[in-house]
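This report refers to the structure that appears directly beneath it.
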Amino acid sequence: MVPEARFSSYYGRPVIKEPVWQAPDVAGYLFFGGLAGASSVLAAGALLSGHRDLARVAKVGALGAISLSAAALVHDLGRPARFANMLRVFKPSSPMSVGSWLLTGYGPVAGAAAVSELTGILPGAGTAATLGAGLLGPAIATYTAALICDTAVPAWHAGYREMPYVFAGSAASAAGGLGGAAGSSPPCLAPRCWRPRR
Amino acid sequence: MNPEPIGTDPAARAGHVGHPPRLGFFTDTSVCIGCKACEVACKEWNAVPEDGLSLSGMSYDNTVGLGASTWRHVAFIEQPGTEQPGDGAHGVRWLMSSDVCKHCTESACLDVCPTGALFRTEFGTVVVQDDVCNGCGYCVPACPFGVIARREEDGQAHKCTLCYDRLGAGLEPACAKACPTQSIQFGPIDELRERARLRVRDLRAAGQDRARLYLDDPADGIGGGGAFFLLLDEPEVYGLPPDPVVTTRDLPGMWKHAAIAAAGLAATGIALGLGRRR
């Protein structure tokens, strides 16, 4: 017979420390970051296929979301005034370091896309920025999954193979929802709507 | 110089050239008397702030655990109804252990720190630079032992430095100096490991069959600890994880899945881009 499992602990205390991240800050950072990244992907696709209204909503939505995300991240720091210290080093072993550099690149590009759209200034640069943000968008929406899984928290760490798909899917739904809520009619993705080759 | 393989020489892996031998702690809990001189000496030398003056009800342990303002923590476990030789009267076995940061060879807190505040010293120890840390808190859930924490008063992460300032002056850490029974032993790691192996062998020969070393093995989940222990029972009894693994070991898989998910998201954008306006 397999003997009964005995569990001992030190007065019932947990072994690892609870994360210090505050729920509204980090949840906002994760959600808005995903929304921004996926909105940029949507904006790039909409731009290429001529969906002007959807592209507009998605570009502006991406800038708004990434601003909220960055604000939440900085607010959650123990020493917010030192947020720039994130850029002292680049460490691939730290998803938060990779993410800080991604945000540093993505933020201005998403900003340029939105500003160009809203003001009409430099439309060529605006198009390039939209495509650039669309290229970085997928990384912005998924690096946060690596971030929370790269801890000793058993539930998060154990789910590391699935978490990125949860984050990407959630980001895509949020971006699609924003596009729809802002009044864009859904684009046709069926093969009959694909542009014929010339 | 010590020609250790790179896997057990974290200082070399961090880029230190011509560094001194790796230093650490061997905490022999079998001779700990629970005096807490180590807790006091640590707080005094490092000017660590007071972090609670209440009674916990956990035997003589009113410190409760390691934290941003507790870098040495003495644990007390009373085990009634045991019959080990050398235990006191009334069949109660009393375990006492001074817990500390393990200064892991593969250190999760060091790996995830995005500002570079946490760094590997030339002695192989892990230290936080107080003027760099911005309190992001990533190190806190990364540590498999629950050692490092963020201090509310200044918003930054703090932990045992293995008295980095004393090492530089050729002195031993404050806790090792204060320990009256040599429970906390300090010195070059290989010397400590050899001493520990002999001590465990002697204890087992004397009938202490639950005596074991913890975190002494470079092949374990953290590459062995710069601070390792001789325990008289299972690690869980002391509040220690039985088989800690540094979270970074799975990071390549995390990036792989993140990349695949990102590619999927990009594919939706491409699908949209291929379409045309109705």
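Letters A, B, ... go to the chains of the structure tokens in the order shown; residues in each chain start at 1; ligands are counted from 1 in the same order.
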
Handout entry: Residues of chain A within 6 Å of chain B, counting only C-alpha atoms, as a PyMOL selection string
Key = chain A and resi 8-10+15-17+19+41-42+45+48-51+77-79+82+85-86+88+93-94+96-97+138-139+142+146+150-152+160+164-165+193-195

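Straight-line separation from CA of Arg210 (chain B) to CA of Cys38 (chain B): 25.2 Å.
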
Practice task
May I ask for the distance between CA of Gly132 (chain A) and CA of Val109 (chain A), given in Å to one decimal place?
Solution key: 6.8 Å

Exercise for the section: Just the residues within 10 Å of Arg199 (chain B), please, counting only C-alpha atoms, with nothing from its chain fewer than 2 positions along; format it as an MDAnalysis selection string. Expected result: chainID B and resid 28 30 193:197 201:205 211:213 230

Just C-alpha atoms for this one: save the residues we selected as a short mmCIF file (atom, residue, chain, number, x, y, z; two decimals), in the first residue's frame.
data_model
loop_
_atom_site.label_atom_id
_atom_site.label_comp_id
_atom_site.auth_asym_id
_atom_site.auth_seq_id
_atom_site.Cartn_x
_atom_site.Cartn_y
_atom_site.Cartn_z
CA ASP B 28 25.04 23.69 11.12
CA SER B 30 22.51 20.75 14.97
CA ARG B 193 31.23 21.66 1.87
CA GLU B 194 33.97 19.28 2.95
CA ARG B 195 33.43 20.14 6.62
CA ALA B 196 29.68 19.66 6.19
CA ARG B 197 30.06 16.22 4.65
CA ARG B 201 28.62 11.52 8.49
CA ASP B 202 29.41 11.89 12.20
CA LEU B 203 25.81 12.78 13.09
CA ARG B 204 24.41 9.79 11.23
CA ALA B 205 26.91 7.52 12.94
CA ALA B 211 20.38 14.65 9.52
CA ARG B 212 21.00 15.90 5.98
CA LEU B 213 22.67 18.61 3.98
CA LEU B 230 22.75 20.94 7.82
#

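Across the model, the gap from CA of Phe229 (chain B) to CA of Tyr214 (chain B) is 5.1 Å.
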
Handout entry: DSSP strand (DSSP E) selection over region 94-252 of chain B, as a PyMOL selection string
Key = chain B and resi 94-100+118-120+126-128+149-150+157-158+184-188+212-214+227-231

Practice task
Please report, as a PyMOL selection string, each residue of region 110-252 of chain B to which DSSP assigns helix (DSSP H, G or I) when run on this structure's backbone.
Solution key: chain B and resi 110-112+139-142+164-168+174-178+189-205+235-238+247-252

Exercise for the section: Could you give me, as a VMD selection string, the residues within 10 Å of Ala27 (chain A), counting only C-alpha atoms and dropping anything in the same chain fewer than 6 positions from it? Expected result: chain A and resid 21 33 69 72 to 73

Those same residues, written as a PDB file, in the first residue's frame with N, CA and C atoms?
ATOM      1  N   TRP A  21       2.960  43.418  -6.132  1.00  0.00           N
ATOM      2  CA  TRP A  21       2.245  44.192  -7.152  1.00  0.00           C
ATOM      3  C   TRP A  21       0.808  44.424  -6.735  1.00  0.00           C
ATOM      4  N   GLY A  33      -1.700  46.919 -21.880  1.00  0.00           N
ATOM      5  CA  GLY A  33      -0.570  46.597 -22.748  1.00  0.00           C
ATOM      6  C   GLY A  33      -1.003  45.655 -23.853  1.00  0.00           C
ATOM      7  N   SER A  69      -1.112  51.919 -19.737  1.00  0.00           N
ATOM      8  CA  SER A  69      -0.310  50.783 -19.293  1.00  0.00           C
ATOM      9  C   SER A  69       0.995  51.260 -18.671  1.00  0.00           C
ATOM     10  N   ALA A  72       0.384  52.904 -15.290  1.00  0.00           N
ATOM     11  CA  ALA A  72       0.128  51.913 -14.244  1.00  0.00           C
ATOM     12  C   ALA A  72       1.427  51.257 -13.804  1.00  0.00           C
ATOM     13  N   LEU A  73       2.305  50.955 -14.755  1.00  0.00           N
ATOM     14  CA  LEU A  73       3.584  50.318 -14.438  1.00  0.00           C
ATOM     15  C   LEU A  73       4.425  51.230 -13.557  1.00  0.00           C
TER      16      LEU A  73
END

Practice task
Within 12 Å of Lys59 (chain A), counting only C-alpha atoms, which residues show up once you throw out same-chain ones fewer than 5 positions away? Write them as number ranges by chain, please.
Solution key: A: 35-47, 52-54, 64-66, 107, 109-118, 126-127, 129-134, 137, 175, 178-179

Export of prior selection with C-alpha atoms as a JSON list (two decimals), in the first residue's frame:
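Below is the file result.json, written as the result:
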[["chain", "number", "residue", "atom", "x", "y", "z"],
["A", 35, "LEU", "CA", -5.01, 45.97, -25.83],
["A", 36, "ALA", "CA", -2.41, 48.35, -27.22],
["A", 37, "GLY", "CA", -0.30, 45.69, -28.91],
["A", 38, "ALA", "CA", -3.25, 43.96, -30.55],
["A", 39, "SER", "CA", -4.79, 47.31, -31.56],
["A", 40, "SER", "CA", -1.58, 48.14, -33.42],
["A", 41, "VAL", "CA", -1.77, 44.80, -35.23],
["A", 42, "LEU", "CA", -5.36, 45.57, -36.13],
["A", 43, "ALA", "CA", -4.43, 49.07, -37.24],
["A", 44, "ALA", "CA", -1.71, 47.80, -39.55],
["A", 45, "GLY", "CA", -4.00, 45.22, -41.12],
["A", 46, "ALA", "CA", -6.81, 47.73, -41.48],
["A", 47, "LEU", "CA", -4.47, 50.24, -43.09],
["A", 52, "ARG", "CA", -9.89, 53.68, -42.82],
["A", 53, "ASP", "CA", -12.29, 53.96, -39.86],
["A", 54, "LEU", "CA", -11.05, 50.84, -38.13],
["A", 64, "GLY", "CA", -4.32, 55.62, -25.29],
["A", 65, "ALA", "CA", -3.93, 52.07, -24.02],
["A", 66, "ILE", "CA", -0.13, 52.05, -23.98],
["A", 107, "GLY", "CA", 5.48, 53.78, -27.40],
["A", 109, "VAL", "CA", 6.06, 54.62, -32.78],
["A", 110, "ALA", "CA", 2.44, 54.04, -31.72],
["A", 111, "GLY", "CA", 2.33, 57.69, -30.71],
["A", 112, "ALA", "CA", 3.58, 58.83, -34.11],
["A", 113, "ALA", "CA", 0.96, 56.68, -35.86],
["A", 114, "ALA", "CA", -1.87, 58.13, -33.77],
["A", 115, "VAL", "CA", -0.69, 61.74, -33.98],
["A", 116, "SER", "CA", -0.25, 61.54, -37.73],
["A", 117, "GLU", "CA", -3.73, 60.08, -38.05],
["A", 118, "LEU", "CA", -5.36, 62.73, -35.89],
["A", 126, "GLY", "CA", 2.33, 57.91, -40.18],
["A", 127, "THR", "CA", 1.94, 54.89, -42.44],
["A", 129, "ALA", "CA", 4.80, 54.18, -37.91],
["A", 130, "THR", "CA", 1.53, 52.23, -38.17],
["A", 131, "LEU", "CA", 3.31, 49.32, -39.80],
["A", 132, "GLY", "CA", 6.17, 49.53, -37.31],
["A", 133, "ALA", "CA", 3.76, 49.48, -34.38],
["A", 134, "GLY", "CA", 2.00, 46.54, -36.03],
["A", 137, "GLY", "CA", 2.44, 44.84, -31.31],
["A", 175, "ALA", "CA", -8.69, 45.14, -29.57],
["A", 178, "LEU", "CA", -12.57, 48.34, -29.04],
["A", 179, "GLY", "CA", -12.82, 48.49, -32.82]]
